[in-house]
file input_2.txt (compact mmCIF, C-alpha atoms and all ligand atoms)
# COMPACT_ATOMS: atom_id res chain seq x y z
CA MET A 1 34.66 39.04 117.24
CA SER A 2 33.35 38.64 113.73
CA LEU A 3 35.21 36.26 111.47
CA ILE A 4 35.87 37.44 107.94
CA ASP A 5 36.98 34.63 105.69
CA PHE A 6 38.08 35.95 102.32
CA SER A 7 38.88 32.46 101.05
CA LYS A 8 35.23 31.40 101.30
CA SER A 9 33.82 34.94 101.04
CA GLU A 10 32.02 34.58 104.35
CA ILE A 11 31.43 36.71 107.40
CA THR A 12 30.35 35.06 110.66
CA PHE A 13 28.92 36.92 113.64
CA LYS A 14 28.47 35.51 117.13
CA VAL A 15 25.17 36.36 118.83
CA VAL A 16 24.44 35.25 122.39
CA TYR A 17 21.02 35.02 124.05
CA TYR A 18 21.62 36.00 127.67
CA GLY A 19 19.23 36.25 130.61
CA PRO A 20 18.02 34.66 133.85
CA ALA A 21 16.98 31.04 134.24
CA MET A 22 13.75 30.01 132.47
CA SER A 23 13.30 33.37 130.75
CA GLY A 24 12.93 31.72 127.33
CA LYS A 25 16.38 31.82 125.70
CA THR A 26 16.33 28.23 124.48
CA THR A 27 12.73 28.75 123.36
CA ASN A 28 13.90 31.59 121.08
CA LEU A 29 16.48 29.36 119.42
CA SER A 30 14.07 26.44 119.05
CA TRP A 31 11.57 28.74 117.38
CA ILE A 32 14.20 30.03 114.97
CA PHE A 33 15.25 26.46 114.22
CA ARG A 34 11.68 25.40 113.48
CA THR A 35 10.88 28.48 111.41
CA ILE A 36 13.78 28.99 109.04
CA PRO A 37 14.17 26.92 105.86
CA GLU A 38 16.12 23.68 105.96
CA LYS A 39 18.88 24.80 103.64
CA VAL A 40 19.94 27.82 105.70
CA LYS A 41 20.27 26.15 109.08
CA GLY A 42 22.97 23.95 110.48
CA GLN A 43 22.87 21.42 113.28
CA PHE A 44 21.05 22.50 116.46
CA THR A 45 23.24 21.46 119.38
CA SER A 46 21.77 21.63 122.86
CA ILE A 47 23.50 20.61 126.05
CA ALA A 48 20.82 20.37 128.67
CA THR A 49 20.02 18.59 131.93
CA GLU A 50 17.41 15.80 132.12
CA THR A 51 14.83 18.50 132.83
CA GLU A 52 15.58 20.58 129.73
CA ARG A 53 17.44 23.30 131.58
CA THR A 54 20.46 24.51 129.66
CA LEU A 55 23.58 23.05 131.26
CA PHE A 56 26.26 24.39 128.97
CA PHE A 57 24.84 26.15 125.90
CA ASP A 58 22.63 25.79 122.86
CA PHE A 59 24.21 26.40 119.49
CA LEU A 60 22.60 27.05 116.12
CA PRO A 61 24.49 28.17 113.02
CA VAL A 62 22.38 30.08 110.49
CA GLU A 63 23.19 31.19 106.97
CA LEU A 64 21.38 34.38 106.05
CA GLY A 65 22.17 34.93 102.41
CA THR A 66 24.65 36.75 100.25
CA VAL A 67 25.51 40.44 100.19
CA LYS A 68 27.97 41.76 97.59
CA GLY A 69 29.27 38.24 97.10
CA PHE A 70 29.77 37.61 100.84
CA LYS A 71 27.82 34.92 102.62
CA ILE A 72 26.52 36.22 105.95
CA ARG A 73 26.43 33.65 108.74
CA LEU A 74 25.33 33.83 112.36
CA SER A 75 26.45 31.62 115.22
CA LEU A 76 23.60 31.74 117.74
CA TYR A 77 24.26 30.67 121.33
CA THR A 78 22.27 30.66 124.56
CA VAL A 79 23.81 30.71 128.01
CA PRO A 80 22.55 28.71 130.99
CA GLY A 81 20.62 31.18 133.15
CA GLN A 82 20.79 29.40 136.48
CA GLU A 83 22.95 31.11 139.09
CA LEU A 84 25.00 27.94 139.46
CA TYR A 85 26.40 28.22 135.93
CA LYS A 86 27.97 31.63 136.28
CA LEU A 87 31.36 30.62 134.90
CA THR A 88 29.84 28.84 131.92
CA ARG A 89 27.84 31.97 131.11
CA LYS A 90 31.00 33.95 131.06
CA SER A 91 32.84 31.52 128.81
CA VAL A 92 30.01 31.40 126.24
CA LEU A 93 30.16 35.19 126.07
CA LYS A 94 33.76 35.15 124.86
CA SER A 95 34.27 37.20 121.64
CA VAL A 96 30.57 37.93 121.29
CA ASP A 97 29.43 40.39 118.58
CA GLY A 98 25.90 41.04 119.82
CA ILE A 99 23.50 40.08 122.61
CA VAL A 100 19.78 39.48 122.90
CA PHE A 101 18.96 39.86 126.59
CA VAL A 102 15.83 37.83 127.32
CA ALA A 103 14.12 39.11 130.48
CA ASP A 104 11.23 37.37 132.23
CA SER A 105 8.29 39.76 132.62
CA ASN A 106 6.93 38.00 135.71
CA ARG A 107 7.00 40.14 138.82
CA ASP A 108 8.47 37.38 140.94
CA ARG A 109 11.48 37.22 138.58
CA ARG A 110 12.25 40.89 139.04
CA GLU A 111 15.38 40.41 141.09
CA ASP A 112 16.71 37.65 138.82
CA ASN A 113 16.47 39.93 135.79
CA VAL A 114 18.42 42.70 137.50
CA LYS A 115 21.04 40.37 138.91
CA ASN A 116 21.56 38.58 135.62
CA LEU A 117 21.87 41.84 133.71
CA GLU A 118 24.51 43.05 136.17
CA ASP A 119 26.35 39.75 135.76
CA MET A 120 26.31 40.24 131.99
CA PHE A 121 27.74 43.76 132.14
CA LYS A 122 30.43 42.61 134.53
CA ASN A 123 31.45 39.83 132.14
CA LEU A 124 31.48 42.22 129.19
CA ALA A 125 33.69 44.59 131.16
CA ASP A 126 36.08 41.74 131.98
CA TYR A 127 36.34 40.93 128.28
CA GLU A 128 36.76 44.64 127.45
CA LEU A 129 33.66 44.62 125.28
CA PRO A 130 31.77 47.66 126.58
CA ASP A 131 30.25 48.74 123.25
CA ILE A 132 28.73 45.50 122.05
CA PRO A 133 25.21 45.92 120.61
CA ILE A 134 22.49 44.64 122.96
CA ILE A 135 18.78 44.39 122.37
CA TYR A 136 16.20 43.46 124.99
CA GLN A 137 13.29 41.05 124.75
CA LEU A 138 10.79 41.40 127.60
CA ASN A 139 9.42 37.88 127.34
CA LYS A 140 6.44 35.92 128.64
CA ARG A 141 4.01 38.78 128.02
CA ASP A 142 1.21 36.17 127.94
CA THR A 143 1.59 35.12 131.57
CA PRO A 144 -0.74 36.46 134.29
CA ALA A 145 1.51 38.15 136.87
CA ILE A 146 3.61 40.33 134.59
CA MET A 147 5.07 43.74 135.36
CA PRO A 148 3.95 46.70 133.23
CA VAL A 149 6.44 47.49 130.47
CA GLY A 150 7.30 50.95 131.87
CA GLU A 151 8.20 49.47 135.22
CA LEU A 152 10.46 46.84 133.63
CA ILE A 153 12.16 49.50 131.56
CA ASP A 154 12.85 51.57 134.69
CA ASP A 155 14.00 48.54 136.62
CA LEU A 156 16.49 47.40 134.01
CA GLN A 157 17.37 50.95 132.91
CA LEU A 158 16.35 50.35 129.31
CA LYS A 159 15.28 53.88 128.38
CA GLY A 160 16.43 54.60 124.82
CA LYS A 161 17.44 50.98 124.24
CA HIS A 162 15.99 48.57 121.66
CA VAL A 163 13.17 46.81 123.51
CA TYR A 164 10.87 44.11 122.14
CA LEU A 165 7.83 42.53 123.82
CA GLY A 166 7.95 38.78 123.41
CA ILE A 167 6.02 35.57 123.74
CA ALA A 168 8.82 33.30 122.62
CA SER A 169 6.79 30.11 123.06
CA SER A 170 4.45 31.22 120.29
CA GLY A 171 7.09 33.05 118.29
CA VAL A 172 6.03 36.60 119.10
CA SER A 173 8.98 38.94 118.38
CA VAL A 174 11.47 36.07 118.00
CA MET A 175 12.36 36.75 114.37
CA GLU A 176 12.11 40.52 114.93
CA CYS A 177 14.75 40.26 117.68
CA LEU A 178 17.01 38.16 115.49
CA LYS A 179 16.67 40.67 112.70
CA GLY A 180 17.19 43.59 115.10
CA ILE A 181 20.42 42.24 116.55
CA THR A 182 21.70 41.24 113.11
CA ARG A 183 21.20 44.77 111.88
CA GLU A 184 23.15 46.06 114.90
CA VAL A 185 26.12 43.68 114.62
CA VAL A 186 26.42 44.19 110.88
CA SER A 187 26.60 47.95 111.34
CA LYS A 188 29.67 47.50 113.57
CA ILE A 189 31.83 45.82 110.99
CA MET B 1 42.83 41.77 125.00
CA GLU B 2 40.48 39.99 122.63
CA GLY B 3 38.00 42.79 122.98
CA GLN B 4 40.20 45.19 121.07
CA LEU B 5 40.06 43.12 117.90
CA SER B 6 36.79 43.73 116.14
CA SER B 7 37.25 40.93 113.68
CA LEU B 8 39.49 38.04 112.77
CA VAL B 9 40.41 38.13 109.11
CA ILE B 10 41.45 35.06 107.13
CA THR B 11 42.78 35.52 103.62
CA LYS B 12 42.75 33.11 100.72
CA GLU B 13 46.53 32.64 101.02
CA ASP B 14 46.28 31.80 104.74
CA ILE B 15 43.72 29.11 104.04
CA GLU B 16 45.68 27.68 101.14
CA THR B 17 48.78 27.36 103.31
CA ILE B 18 46.81 25.75 106.12
CA ASP B 19 44.95 23.39 103.78
CA GLU B 20 48.17 22.24 102.24
CA LEU B 21 49.77 21.59 105.64
CA PHE B 22 46.71 19.74 106.89
CA SER B 23 46.40 17.54 103.79
CA GLN B 24 50.00 16.44 104.18
CA TYR B 25 49.57 15.74 107.90
CA LEU B 26 46.36 13.84 107.27
CA VAL B 27 48.37 11.41 105.14
CA ASP B 28 51.42 11.25 107.41
CA SER B 29 49.59 10.90 110.71
CA GLN B 30 46.63 8.85 109.48
CA ALA B 31 44.33 11.13 111.44
CA LYS B 32 40.69 11.13 110.34
CA ASP B 33 40.16 14.85 110.63
CA ILE B 34 42.09 17.96 111.54
CA ILE B 35 40.11 21.01 112.63
CA LEU B 36 41.38 24.50 113.42
CA LEU B 37 39.12 26.74 115.48
CA ASN B 38 39.30 29.77 117.70
CA LYS B 39 38.60 29.84 121.43
CA SER B 40 35.19 31.34 120.88
CA GLY B 41 34.16 28.27 118.87
CA GLU B 42 34.42 29.36 115.25
CA LEU B 43 35.67 26.96 112.62
CA LEU B 44 38.72 28.36 110.80
CA ALA B 45 39.80 25.41 108.67
CA LYS B 46 39.21 21.68 108.40
CA SER B 47 40.65 18.74 106.56
CA GLY B 48 39.43 15.14 106.36
CA MET B 49 36.12 13.39 105.84
CA VAL B 50 34.18 15.53 108.30
CA THR B 51 31.44 17.65 106.66
CA ARG B 52 31.42 21.40 107.02
CA ASP B 53 28.22 21.23 109.10
CA SER B 54 29.70 18.71 111.52
CA ALA B 55 32.98 20.62 111.72
CA ILE B 56 31.06 23.77 112.68
CA ALA B 57 29.27 21.92 115.49
CA VAL B 58 32.50 20.19 116.59
CA SER B 59 34.20 23.59 116.80
CA ALA B 60 31.51 25.09 119.02
CA LEU B 61 31.62 22.09 121.33
CA ALA B 62 35.41 21.68 121.36
CA ALA B 63 35.85 25.33 122.36
CA GLY B 64 33.22 24.82 125.06
CA VAL B 65 34.92 21.71 126.41
CA PHE B 66 38.24 23.49 126.38
CA SER B 67 36.99 26.55 128.22
CA ALA B 68 35.16 24.42 130.80
CA THR B 69 38.35 22.44 131.37
CA ASN B 70 40.20 25.66 131.91
CA GLU B 71 37.75 26.86 134.52
CA LEU B 72 38.49 23.55 136.23
CA ALA B 73 42.19 24.31 135.96
CA LYS B 74 41.76 27.66 137.64
CA LEU B 75 39.72 26.14 140.47
CA LEU B 76 42.55 23.69 141.02
CA GLY B 77 45.10 26.49 141.12
CA GLU B 78 46.52 25.70 137.70
CA ARG B 79 46.92 28.58 135.24
CA GLU B 80 45.77 26.66 132.21
CA PHE B 81 45.38 23.12 130.88
CA THR B 82 46.86 23.17 127.40
CA LEU B 83 45.18 20.04 126.09
CA THR B 84 42.22 17.75 126.59
CA PHE B 85 41.83 14.25 125.25
CA HIS B 86 38.73 12.09 124.93
CA GLN B 87 38.80 8.44 124.13
CA GLY B 88 35.90 6.45 122.73
CA LYS B 89 35.44 2.96 121.40
CA GLU B 90 35.96 3.94 117.77
CA THR B 91 37.29 7.46 117.89
CA ASN B 92 39.59 9.74 119.87
CA ILE B 93 39.75 13.50 119.91
CA HIS B 94 42.73 15.55 121.03
CA ILE B 95 42.17 19.27 121.57
CA SER B 96 45.16 21.51 122.21
CA LEU B 97 46.14 25.14 122.38
CA VAL B 98 48.15 26.41 119.42
CA ASP B 99 48.37 30.05 120.40
CA PRO B 100 46.50 32.18 122.96
CA LEU B 101 43.38 32.33 120.78
CA ILE B 102 43.52 29.28 118.55
CA LEU B 103 42.81 25.58 119.18
CA LEU B 104 43.59 22.48 117.18
CA ALA B 105 41.34 19.41 117.27
CA VAL B 106 42.70 16.20 115.80
CA ILE B 107 40.44 13.17 115.45
CA PHE B 108 41.88 9.66 115.19
CA ASP B 109 40.38 6.23 115.00
CA ASN B 110 41.10 3.98 117.89
CA LYS B 111 44.02 2.18 116.33
CA ALA B 112 46.30 5.14 116.96
CA PRO B 113 48.31 4.85 120.19
CA ILE B 114 48.09 7.84 122.53
CA GLY B 115 51.80 8.54 122.15
CA ALA B 116 51.42 8.93 118.41
CA ILE B 117 48.39 11.16 118.82
CA ARG B 118 50.31 13.48 121.12
CA PHE B 119 53.28 13.47 118.81
CA TRP B 120 51.24 14.44 115.75
CA ALA B 121 49.16 17.04 117.55
CA LYS B 122 52.36 18.71 118.71
CA LYS B 123 53.90 18.51 115.29
CA ILE B 124 50.86 19.99 113.52
CA SER B 125 50.66 22.78 116.12
CA GLY B 126 54.30 23.56 115.59
CA SER B 127 53.95 23.99 111.86
CA ILE B 128 50.69 25.89 111.98
CA LYS B 129 52.01 28.43 114.50
CA PRO B 130 54.12 30.48 112.09
CA VAL B 131 51.15 30.71 109.72
CA LEU B 132 48.97 32.06 112.52
CA GLU B 133 51.65 34.52 113.58
CA LYS B 134 51.89 35.78 110.05
CA MET B 135 48.11 36.06 109.97
CA ALA B 136 48.07 38.16 113.12
CA SER B 137 50.91 40.48 112.13
CA GLY B 138 50.49 40.79 108.36
CA PRO B 139 48.69 43.67 106.67
CA ARG B 140 44.99 43.26 107.33
CA GLN B 141 42.64 42.83 104.42
CA GLU B 142 39.62 44.96 105.28
CA PRO B 143 36.04 44.59 104.09
CA SER B 144 35.49 47.14 101.33
CA GLN B 145 33.37 50.24 101.75
CA ASP B 146 31.12 48.76 99.09
CA LEU B 147 30.52 45.64 101.21
CA ARG B 148 29.87 47.71 104.33
CA LYS B 149 27.29 49.77 102.54
CA GLY B 150 25.72 46.71 100.91
CA LEU B 151 25.32 45.10 104.33
CA GLN B 152 23.51 48.15 105.70
CA ASP B 153 21.21 48.40 102.70
CA GLU B 154 20.39 44.77 102.15
CA ILE B 155 20.18 43.33 105.63
CA ASP B 156 16.38 43.58 105.64
CA ASN B 157 16.18 41.45 102.49
CA LEU B 158 18.02 38.61 104.17
CA PHE B 159 15.08 37.68 106.38
N1 LIG A 201 3.94 31.26 128.83
C1 LIG A 201 5.14 31.39 128.26
N2 LIG A 201 6.06 30.43 128.46
C2 LIG A 201 7.27 30.57 127.88
C3 LIG A 201 7.57 31.70 127.05
N3 LIG A 201 8.83 31.55 126.60
C4 LIG A 201 9.31 30.39 127.13
N4 LIG A 201 8.36 29.80 127.89
C5 LIG A 201 8.48 28.55 128.67
O1 LIG A 201 9.37 28.76 129.76
C6 LIG A 201 10.12 27.59 130.06
C7 LIG A 201 11.61 27.87 130.08
O2 LIG A 201 12.03 28.26 128.77
P1 LIG A 201 13.52 28.03 128.25
O3 LIG A 201 13.57 28.59 126.90
O4 LIG A 201 13.93 26.62 128.45
O5 LIG A 201 14.31 28.95 129.27
P2 LIG A 201 15.86 29.30 129.30
O6 LIG A 201 15.95 30.77 129.36
O7 LIG A 201 16.56 28.63 128.18
O8 LIG A 201 16.30 28.68 130.72
P3 LIG A 201 17.75 28.15 131.20
O9 LIG A 201 18.24 27.24 130.13
O10 LIG A 201 17.56 27.48 132.49
O11 LIG A 201 18.60 29.37 131.35
C8 LIG A 201 9.72 26.56 129.01
O12 LIG A 201 8.75 25.71 129.56
C9 LIG A 201 9.12 27.41 127.89
O13 LIG A 201 8.15 26.70 127.14
C10 LIG A 201 6.55 32.69 126.85
O14 LIG A 201 6.73 33.70 126.18
N5 LIG A 201 5.36 32.49 127.50
MG MG A 202 18.07 27.33 128.09
call {"tool": "encode", "arguments": {"input": "input_2.txt", "output": "structure tokens", "more": "lines below"}}
Ligand SMILES: Nc1nc2c(ncn2[C@@H]2O[C@H](COP(=O)(O)OP(=O)(O)OP(=O)(O)O)[C@@H](O)[C@H]2O)c(=O)[nH]1
Ligand SMILES: [Mg+2]
result
Amino acid sequence: MSLIDFSKSEITFKVVYYGPAMSGKTTNLSWIFRTIPEKVKGQFTSIATETERTLFFDFLPVELGTVKGFKIRLSLYTVPGQELYKLTRKSVLKSVDGIVFVADSNRDRREDNVKNLEDMFKNLADYELPDIPIIYQLNKRDTPAIMPVGELIDDLQLKGKHVYLGIASSGVSVMECLKGITREVVSKI
Amino acid sequence: MEGQLSSLVITKEDIETIDELFSQYLVDSQAKDIILLNKSGELLAKSGMVTRDSAIAVSALAAGVFSATNELAKLLGEREFTLTFHQGKETNIHISLVDPLILLAVIFDNKAPIGAIRFWAKKISGSIKPVLEKMASGPRQEPSQDLRKGLQDEIDNLF
């Protein structure tokens, strides 16, 4: 649910990076944090286990600039992908305006991608948010045992959807995805 | 229910009313900060020494803590916990539900007794509630067509 604050002339959108464990969601946010200029980013908050797995969420507020006198802000979140944190995933998704689904291209993560995507659609249905914009990042394209893109698209039923090929750890398609989802959420206002 | 609202709109008048209330309560209660946020973690208003940046991060975390606590409630067969309280060496934070979508976080230093904290949190909630009700029911100020179009046209320049 976007927040329109006429007193400060600001609009804030909530974007959530969703996807299975270890697919690269936190890596996307870290890359964004490292890349964007100091003055447009807020505090990067990360609640993780000792081993860097997301336990609760990551949070990064970003200020994009001004359009027609309105400051455009994004609240970026990641969910914890591990099966264990199902309920946390759902709660982070509350009132979301747009989603970047980060899939892991490795063949041995095939089932996790499908299961996690189903879990996401179920949560969106529970929140009565069926028409939220979603874009898809097929990540880890640099790793050896990846599935061909066409097969992933069939598997996750992504025909006709916005799909990006990513290597989040070296920034490939990270900013493109952020821009893509921003364009989508803004068009819904 | 939330899904049907596409955006939450705050007007200048809403914020002025809230700011005025909060400033008064800050003096009366001797709280350090008062923060109003929604359940999804967005900062709506703040009063006190806390910077905007910190208040934004506090809001995201406070909403997270609150929703986690409520999952706990459900697992224990309770419908909802309506407040959570955390006590530190120097600082306390009291987070409570004001209406179904809105939370209030009040931060005190450690000199404040828990009874007083509860009292003030309740009192602030009580006086903020009518403002929120008015916000929800009043005529909605909509983003202009001009702004909508500007957003579409200029989004690419923002990156
Ligand atoms: N080779 C390669 N490694 C990546 C890529 N993206 C992320 N990684 C690595 O994959 C591991 C997991 O990445 P995270 O970003 O922590 O994964 P996550 O999706 O946040 O995982 P959870 O928090 O458990 O849900 C890290 O070691 C990253 O450096 C990529 O495109 N290629
Ligand atoms: Mg993570």
call {"tool": "closest_atom_pairs", "arguments": {"input": "input_2.txt", "of": "chain B", "to": "chain A", "cutoff": "6 Å", "atoms": "only C-alpha atoms", "output": "JSON lines"}}
result
{"residue": "B:Gly3", "atom": "CA", "partner": "A:Glu128", "partner_atom": "CA", "distance": 5.0}
{"residue": "B:Ser6", "atom": "CA", "partner": "A:Met1", "partner_atom": "CA", "distance": 5.3}
{"residue": "B:Ser7", "atom": "CA", "partner": "A:Ser2", "partner_atom": "CA", "distance": 4.5}
{"residue": "B:Leu8", "atom": "CA", "partner": "A:Leu3", "partner_atom": "CA", "distance": 4.8}
{"residue": "B:Val9", "atom": "CA", "partner": "A:Ile4", "partner_atom": "CA", "distance": 4.7}
{"residue": "B:Ile10", "atom": "CA", "partner": "A:Asp5", "partner_atom": "CA", "distance": 4.7}
{"residue": "B:Thr11", "atom": "CA", "partner": "A:Phe6", "partner_atom": "CA", "distance": 4.9}
{"residue": "B:Lys12", "atom": "CA", "partner": "A:Ser7", "partner_atom": "CA", "distance": 3.9}
{"residue": "B:Ser40", "atom": "CA", "partner": "A:Lys94", "partner_atom": "CA", "distance": 5.7}
{"residue": "B:Leu147", "atom": "CA", "partner": "A:Lys68", "partner_atom": "CA", "distance": 5.9}
{"residue": "B:Leu158", "atom": "CA", "partner": "A:Leu64", "partner_atom": "CA", "distance": 5.7}
call {"tool": "closest_atom_pairs", "arguments": {"input": "input_2.txt", "of": "chain A", "to": "ligand MG 202 (chain A)", "cutoff": "9 Å", "atoms": "only C-alpha atoms and all ligand atoms", "output": "CSV"}}
result
residue,atom,partner,partner_atom,distance
A:Ala21,CA,A:MG202,MG,7.3
A:Met22,CA,A:MG202,MG,6.7
A:Ser23,CA,A:MG202,MG,8.1
A:Gly24,CA,A:MG202,MG,6.8
A:Lys25,CA,A:MG202,MG,5.4
A:Thr26,CA,A:MG202,MG,4.1
A:Thr27,CA,A:MG202,MG,7.3
A:Ser46,CA,A:MG202,MG,8.6
A:Ile47,CA,A:MG202,MG,8.9
A:Ala48,CA,A:MG202,MG,7.5
A:Glu52,CA,A:MG202,MG,7.4
A:Arg53,CA,A:MG202,MG,5.4
A:Thr54,CA,A:MG202,MG,4.0
A:Leu55,CA,A:MG202,MG,7.7
A:Phe56,CA,A:MG202,MG,8.7
A:Phe57,CA,A:MG202,MG,7.2
A:Asp58,CA,A:MG202,MG,7.1
A:Thr78,CA,A:MG202,MG,6.4
A:Val79,CA,A:MG202,MG,6.7
A:Pro80,CA,A:MG202,MG,5.5
A:Gly81,CA,A:MG202,MG,6.9
call {"tool": "axis_aligned_box", "arguments": {"input": "input_2.txt", "around": "ligand LIG 201 (chain A)", "padding_each_side": "8 Å", "output": "JSON"}}
result
{"center_x": 11.3, "center_y": 29.7, "center_z": 129.3, "size_x": 30.7, "size_y": 24.0, "size_z": 22.3}
call {"tool": "closest_residue", "arguments": {"input": "input_2.txt", "among": "B:Ser59, B:Asn110, B:Gln87, B:Ser23", "to": "Leu36 in chain B", "atoms": "only C-alpha atoms"}}
result
B:Ser59
call {"tool": "residues_around", "arguments": {"input": "input_2.txt", "residues": "range 41-54 of chain B", "least_positions_apart": "4", "cutoff": "8 Å", "atoms": "all atoms listed in the file", "output": "list of chain:residue names"}}
result
A:Leu3, A:Gly42, A:Gln43, B:Ile15, B:Ile18, B:Asp19, B:Phe22, B:Ser23, B:Leu26, B:Lys32, B:Asp33, B:Ile34, B:Ile35, B:Leu36, B:Leu37, B:Val58, B:Ser59, B:Ala60, B:Leu61, B:Ala62, B:Ala63, B:Gly64
call {"tool": "closest_residue", "arguments": {"input": "input_2.txt", "among": "A:Met147, A:Val62, A:Leu29, A:Cys177", "to": "ligand LIG 201 (chain A)", "atoms": "all atoms listed in the file"}}
result
A:Leu29
call {"tool": "build_atoms", "arguments": {"input": "input_2.txt", "residues": "range 14-27 of chain A", "atoms": "N, CA and C atoms", "output": "PDB file, keeping the file's coordinate frame"}}
result
ATOM      1  N   LYS A  14      28.900  36.309 115.983  1.00  0.00           N
ATOM      2  CA  LYS A  14      28.470  35.510 117.130  1.00  0.00           C
ATOM      3  C   LYS A  14      27.435  36.288 117.941  1.00  0.00           C
ATOM      4  N   VAL A  15      26.254  35.718 118.068  1.00  0.00           N
ATOM      5  CA  VAL A  15      25.170  36.360 118.830  1.00  0.00           C
ATOM      6  C   VAL A  15      24.803  35.461 120.003  1.00  0.00           C
ATOM      7  N   VAL A  16      24.752  36.031 121.196  1.00  0.00           N
ATOM      8  CA  VAL A  16      24.440  35.250 122.390  1.00  0.00           C
ATOM      9  C   VAL A  16      23.115  35.715 122.998  1.00  0.00           C
ATOM     10  N   TYR A  17      22.248  34.752 123.307  1.00  0.00           N
ATOM     11  CA  TYR A  17      21.020  35.020 124.050  1.00  0.00           C
ATOM     12  C   TYR A  17      21.341  34.867 125.532  1.00  0.00           C
ATOM     13  N   TYR A  18      21.234  35.968 126.263  1.00  0.00           N
ATOM     14  CA  TYR A  18      21.620  36.000 127.670  1.00  0.00           C
ATOM     15  C   TYR A  18      20.367  36.274 128.494  1.00  0.00           C
ATOM     16  N   GLY A  19      20.387  35.939 129.770  1.00  0.00           N
ATOM     17  CA  GLY A  19      19.230  36.250 130.610  1.00  0.00           C
ATOM     18  C   GLY A  19      19.077  35.242 131.725  1.00  0.00           C
ATOM     19  N   PRO A  20      18.174  35.536 132.677  1.00  0.00           N
ATOM     20  CA  PRO A  20      18.020  34.660 133.850  1.00  0.00           C
ATOM     21  C   PRO A  20      17.421  33.305 133.487  1.00  0.00           C
ATOM     22  N   ALA A  21      17.479  32.392 134.437  1.00  0.00           N
ATOM     23  CA  ALA A  21      16.980  31.040 134.240  1.00  0.00           C
ATOM     24  C   ALA A  21      15.512  31.065 133.823  1.00  0.00           C
ATOM     25  N   MET A  22      15.143  30.218 132.877  1.00  0.00           N
ATOM     26  CA  MET A  22      13.750  30.010 132.470  1.00  0.00           C
ATOM     27  C   MET A  22      13.118  31.207 131.784  1.00  0.00           C
ATOM     28  N   SER A  23      13.902  32.174 131.352  1.00  0.00           N
ATOM     29  CA  SER A  23      13.300  33.370 130.750  1.00  0.00           C
ATOM     30  C   SER A  23      12.835  33.113 129.321  1.00  0.00           C
ATOM     31  N   GLY A  24      13.373  32.052 128.684  1.00  0.00           N
ATOM     32  CA  GLY A  24      12.930  31.720 127.330  1.00  0.00           C
ATOM     33  C   GLY A  24      14.012  31.800 126.264  1.00  0.00           C
ATOM     34  N   LYS A  25      15.262  31.726 126.658  1.00  0.00           N
ATOM     35  CA  LYS A  25      16.380  31.820 125.700  1.00  0.00           C
ATOM     36  C   LYS A  25      16.392  30.631 124.742  1.00  0.00           C
ATOM     37  N   THR A  26      16.345  29.427 125.317  1.00  0.00           N
ATOM     38  CA  THR A  26      16.330  28.230 124.480  1.00  0.00           C
ATOM     39  C   THR A  26      15.094  28.217 123.587  1.00  0.00           C
ATOM     40  N   THR A  27      13.970  28.695 124.135  1.00  0.00           N
ATOM     41  CA  THR A  27      12.730  28.750 123.360  1.00  0.00           C
ATOM     42  C   THR A  27      12.893  29.626 122.117  1.00  0.00           C
TER      43      THR A  27
END
